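Enquirer: The structure under discussion is supplied below as structure tokens; questions concerning it will follow.
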Amino acid sequence: MADIVGGLAALKTAFDIAKEIKNAASAYNDAEMRLKFSELYSALSEAKIELADAQIEMHELKQRLAELEKKLNASDDLLYREGVYWRAIPIDGKPNGPFCPNCYEGPSKKLSSMSTVARQFSFAGKYKCNTCGTYAK
């Protein structure tokens, strides 16, 4: 983002120099005119470099966004079985199920892990949500 701001600032400087050249062209001698054109080219070059850097950064951010969207979509690839959700494709380092249908189907679409219920409480269900306390059979 700083590259874009820097590029726009350099463009503003270049436009200001160009306006100054246009307005005072007859007042400058040849050496002063060359100096002003040199300043103009320098400002335009700086703007070009800054905006090229911004373009590279935007490209990298778009790639990162695509990677994150792919991961997010993969994490939501769930199967419903035994009254709970399970990941269709396991993800290393993350729980692969069971997930609470109450939390996942709610407005926040949250993947809440469920724990297996102890035998003496199995009448309520096989799994209990660690977030909302819902039992699932």
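In the structure tokens, chains take letters A, B, ... by order of appearance, with residues numbered from 1 within each chain and ligands from 1 in the order shown.
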If you run DSSP on the backbone, which residues of segment 72-117 of chain A are strand (DSSP E or B), as a ChimeraX atom specification?

Expert: /A:78-81,84-87,99,113-116

Enquirer: For Val5 of chain A, please output as a PyMOL selection string all residues within 10 Å (counting only C-alpha atoms; exclusion window: fewer than 2 positions along the same chain).

Expert: chain A and resi 1-3+7-11+47+50-51+54

Enquirer: Can you list every residue in chain A that DSSP puts in alpha helix (DSSP H), as a PyMOL selection string?

Expert: chain A and resi 2-23+30-75+101-104

Enquirer: Could you please take those selected residues and save C-alpha atoms as a PDB file, in the first residue's frame?

Expert:
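Writing done, so here's out-v5.pdb:
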```
ATOM      1  CA  ALA A   2       2.903   2.336   0.699  1.00  0.00           C
ATOM      2  CA  ASP A   3       4.117   1.735  -2.856  1.00  0.00           C
ATOM      3  CA  ILE A   4       0.829   3.023  -4.259  1.00  0.00           C
ATOM      4  CA  VAL A   5       0.927   6.107  -2.037  1.00  0.00           C
ATOM      5  CA  GLY A   6       4.559   6.737  -2.991  1.00  0.00           C
ATOM      6  CA  GLY A   7       3.773   6.275  -6.674  1.00  0.00           C
ATOM      7  CA  LEU A   8       0.828   8.647  -6.528  1.00  0.00           C
ATOM      8  CA  ALA A   9       2.921  11.228  -4.666  1.00  0.00           C
ATOM      9  CA  ALA A  10       5.623  10.976  -7.348  1.00  0.00           C
ATOM     10  CA  LEU A  11       2.979  11.386 -10.063  1.00  0.00           C
ATOM     11  CA  LYS A  12       1.630  14.484  -8.316  1.00  0.00           C
ATOM     12  CA  THR A  13       5.162  15.901  -8.185  1.00  0.00           C
ATOM     13  CA  ALA A  14       5.602  15.151 -11.897  1.00  0.00           C
ATOM     14  CA  PHE A  15       2.320  16.841 -12.773  1.00  0.00           C
ATOM     15  CA  ASP A  16       3.249  19.868 -10.668  1.00  0.00           C
ATOM     16  CA  ILE A  17       6.591  20.136 -12.479  1.00  0.00           C
ATOM     17  CA  ALA A  18       4.885  19.742 -15.864  1.00  0.00           C
ATOM     18  CA  LYS A  19       2.383  22.471 -14.968  1.00  0.00           C
ATOM     19  CA  GLU A  20       5.239  24.731 -13.855  1.00  0.00           C
ATOM     20  CA  ILE A  21       7.069  24.113 -17.148  1.00  0.00           C
ATOM     21  CA  LYS A  22       3.935  24.842 -19.153  1.00  0.00           C
ATOM     22  CA  ASN A  23       3.107  28.031 -17.274  1.00  0.00           C
ATOM     23  CA  ASP A  30      17.624  26.612 -21.938  1.00  0.00           C
ATOM     24  CA  ALA A  31      19.565  25.313 -18.906  1.00  0.00           C
ATOM     25  CA  GLU A  32      16.642  25.895 -16.522  1.00  0.00           C
ATOM     26  CA  MET A  33      14.282  24.155 -18.940  1.00  0.00           C
ATOM     27  CA  ARG A  34      16.580  21.130 -19.160  1.00  0.00           C
ATOM     28  CA  LEU A  35      16.769  21.017 -15.367  1.00  0.00           C
ATOM     29  CA  LYS A  36      12.970  21.088 -15.092  1.00  0.00           C
ATOM     30  CA  PHE A  37      12.643  18.310 -17.701  1.00  0.00           C
ATOM     31  CA  SER A  38      15.245  16.303 -15.785  1.00  0.00           C
ATOM     32  CA  GLU A  39      13.219  16.734 -12.580  1.00  0.00           C
ATOM     33  CA  LEU A  40      10.077  15.698 -14.483  1.00  0.00           C
ATOM     34  CA  TYR A  41      11.694  12.527 -15.839  1.00  0.00           C
ATOM     35  CA  SER A  42      13.046  11.711 -12.395  1.00  0.00           C
ATOM     36  CA  ALA A  43       9.609  12.089 -10.783  1.00  0.00           C
ATOM     37  CA  LEU A  44       7.979   9.977 -13.515  1.00  0.00           C
ATOM     38  CA  SER A  45      10.635   7.277 -13.122  1.00  0.00           C
ATOM     39  CA  GLU A  46      10.076   7.197  -9.369  1.00  0.00           C
ATOM     40  CA  ALA A  47       6.316   6.875  -9.902  1.00  0.00           C
ATOM     41  CA  LYS A  48       6.844   4.055 -12.386  1.00  0.00           C
ATOM     42  CA  ILE A  49       9.074   2.141  -9.959  1.00  0.00           C
ATOM     43  CA  GLU A  50       6.701   2.617  -7.011  1.00  0.00           C
ATOM     44  CA  LEU A  51       3.660   1.546  -9.033  1.00  0.00           C
ATOM     45  CA  ALA A  52       5.530  -1.477 -10.434  1.00  0.00           C
ATOM     46  CA  ASP A  53       6.364  -2.489  -6.856  1.00  0.00           C
ATOM     47  CA  ALA A  54       2.702  -2.062  -5.941  1.00  0.00           C
ATOM     48  CA  GLN A  55       1.685  -4.236  -8.883  1.00  0.00           C
ATOM     49  CA  ILE A  56       4.057  -6.986  -7.736  1.00  0.00           C
ATOM     50  CA  GLU A  57       2.733  -6.743  -4.182  1.00  0.00           C
ATOM     51  CA  MET A  58      -0.870  -6.903  -5.409  1.00  0.00           C
ATOM     52  CA  HIS A  59      -0.050  -9.988  -7.494  1.00  0.00           C
ATOM     53  CA  GLU A  60       1.546 -11.691  -4.464  1.00  0.00           C
ATOM     54  CA  LEU A  61      -1.464 -10.781  -2.310  1.00  0.00           C
ATOM     55  CA  LYS A  62      -3.868 -12.179  -4.920  1.00  0.00           C
ATOM     56  CA  GLN A  63      -1.908 -15.440  -4.947  1.00  0.00           C
ATOM     57  CA  ARG A  64      -1.966 -15.597  -1.147  1.00  0.00           C
ATOM     58  CA  LEU A  65      -5.700 -14.887  -1.135  1.00  0.00           C
ATOM     59  CA  ALA A  66      -6.288 -17.701  -3.648  1.00  0.00           C
ATOM     60  CA  GLU A  67      -4.258 -20.093  -1.466  1.00  0.00           C
ATOM     61  CA  LEU A  68      -6.215 -19.127   1.649  1.00  0.00           C
ATOM     62  CA  GLU A  69      -9.561 -19.458  -0.177  1.00  0.00           C
ATOM     63  CA  LYS A  70      -8.518 -22.911  -1.350  1.00  0.00           C
ATOM     64  CA  LYS A  71      -7.647 -23.922   2.211  1.00  0.00           C
ATOM     65  CA  LEU A  72     -10.895 -22.466   3.520  1.00  0.00           C
ATOM     66  CA  ASN A  73     -12.934 -24.330   0.917  1.00  0.00           C
ATOM     67  CA  ALA A  74     -11.072 -27.552   1.708  1.00  0.00           C
ATOM     68  CA  SER A  75     -11.794 -27.121   5.415  1.00  0.00           C
ATOM     69  CA  PRO A 101     -24.173 -29.893  13.319  1.00  0.00           C
ATOM     70  CA  ASN A 102     -25.841 -27.257  15.508  1.00  0.00           C
ATOM     71  CA  CYS A 103     -22.806 -24.932  15.390  1.00  0.00           C
ATOM     72  CA  TYR A 104     -21.932 -25.639  11.739  1.00  0.00           C
TER      73      TYR A 104
END
```

Enquirer: Residues at most 6 Å from segment 82-96 of chain A, counting only C-alpha atoms, excluding those fewer than 4 positions away in the same chain, as a count of residues only?

Expert: 6

Enquirer: Quick one: distance from atom CA of Lys110 of chain A to atom CA of Ala124 of chain A in Å, one decimal?

Expert: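 According to the coordinates, atom CA of Lys110 of chain A and atom CA of Ala124 of chain A are separated by 22.4 Å.
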
Enquirer: As a ChimeraX atom specification, please: the residues near Ala118 of chain A (cut-off 12 Å, only C-alpha atoms, same-chain neighbours under 6 positions excluded).

Expert: /A:124-128,135

Enquirer: Export, as a tab-separated table (two decimals), in the first residue's frame, the selected residues with all heavy atoms.

Expert:
```tsv
chain	number	residue	atom	x	y	z
A	124	ALA	N	-27.92	-39.74	26.29
A	124	ALA	CA	-28.14	-38.42	25.71
A	124	ALA	C	-27.62	-38.34	24.27
A	124	ALA	O	-28.12	-37.57	23.46
A	124	ALA	CB	-27.48	-37.34	26.55
A	125	GLY	N	-26.63	-39.15	23.98
A	125	GLY	CA	-26.06	-39.15	22.64
A	125	GLY	C	-24.64	-39.68	22.67
A	125	GLY	O	-24.05	-39.85	23.73
A	126	LYS	N	-24.10	-39.92	21.48
A	126	LYS	CA	-22.76	-40.47	21.38
A	126	LYS	C	-21.68	-39.39	21.50
A	126	LYS	O	-20.59	-39.63	21.98
A	126	LYS	CB	-22.62	-41.19	20.03
A	126	LYS	CG	-21.33	-41.93	19.84
A	126	LYS	CD	-21.35	-42.72	18.53
A	126	LYS	CE	-20.04	-43.45	18.33
A	126	LYS	NZ	-20.02	-44.19	17.08
A	127	TYR	N	-22.03	-38.16	21.04
A	127	TYR	CA	-21.08	-37.05	21.05
A	127	TYR	C	-21.70	-35.83	21.73
A	127	TYR	O	-22.91	-35.62	21.67
A	127	TYR	CB	-20.69	-36.64	19.62
A	127	TYR	CG	-20.12	-37.76	18.80
A	127	TYR	CD1	-20.87	-38.36	17.80
A	127	TYR	CD2	-18.83	-38.22	19.02
A	127	TYR	CE1	-20.35	-39.39	17.03
A	127	TYR	CE2	-18.30	-39.25	18.26
A	127	TYR	CZ	-19.07	-39.83	17.27
A	127	TYR	OH	-18.55	-40.84	16.52
A	128	LYS	N	-20.84	-35.01	22.36
A	128	LYS	CA	-21.28	-33.76	22.97
A	128	LYS	C	-20.41	-32.63	22.44
A	128	LYS	O	-19.18	-32.73	22.43
A	128	LYS	CB	-21.17	-33.80	24.49
A	128	LYS	CG	-21.64	-32.52	25.17
A	128	LYS	CD	-21.52	-32.58	26.67
A	128	LYS	CE	-21.97	-31.27	27.28
A	128	LYS	NZ	-21.72	-31.21	28.71
A	135	TYR	N	-25.95	-32.53	22.24
A	135	TYR	CA	-25.62	-33.96	22.09
A	135	TYR	C	-26.05	-34.43	20.71
A	135	TYR	O	-27.06	-33.97	20.17
A	135	TYR	CB	-26.35	-34.79	23.14
A	135	TYR	CG	-25.77	-34.63	24.53
A	135	TYR	CD1	-26.23	-33.64	25.39
A	135	TYR	CD2	-24.77	-35.49	24.98
A	135	TYR	CE1	-25.70	-33.49	26.67
A	135	TYR	CE2	-24.24	-35.35	26.26
A	135	TYR	CZ	-24.70	-34.35	27.08
A	135	TYR	OH	-24.18	-34.22	28.34
```

Enquirer: Could you jot down the atom CA of Thr131 of chain A to atom CA of Pro98 of chain A separation for me, Å, one decimal place?

Expert: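 For atom CA of Thr131 of chain A relative to atom CA of Pro98 of chain A, the distance reads 12.7 Å.
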
Enquirer: How many Å lie between atom CA of Pro107 of chain A and atom CA of Asn130 of chain A, rounded to one decimal?

Expert: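 Atom CA of Pro107 of chain A sits 17.6 Å away from atom CA of Asn130 of chain A.
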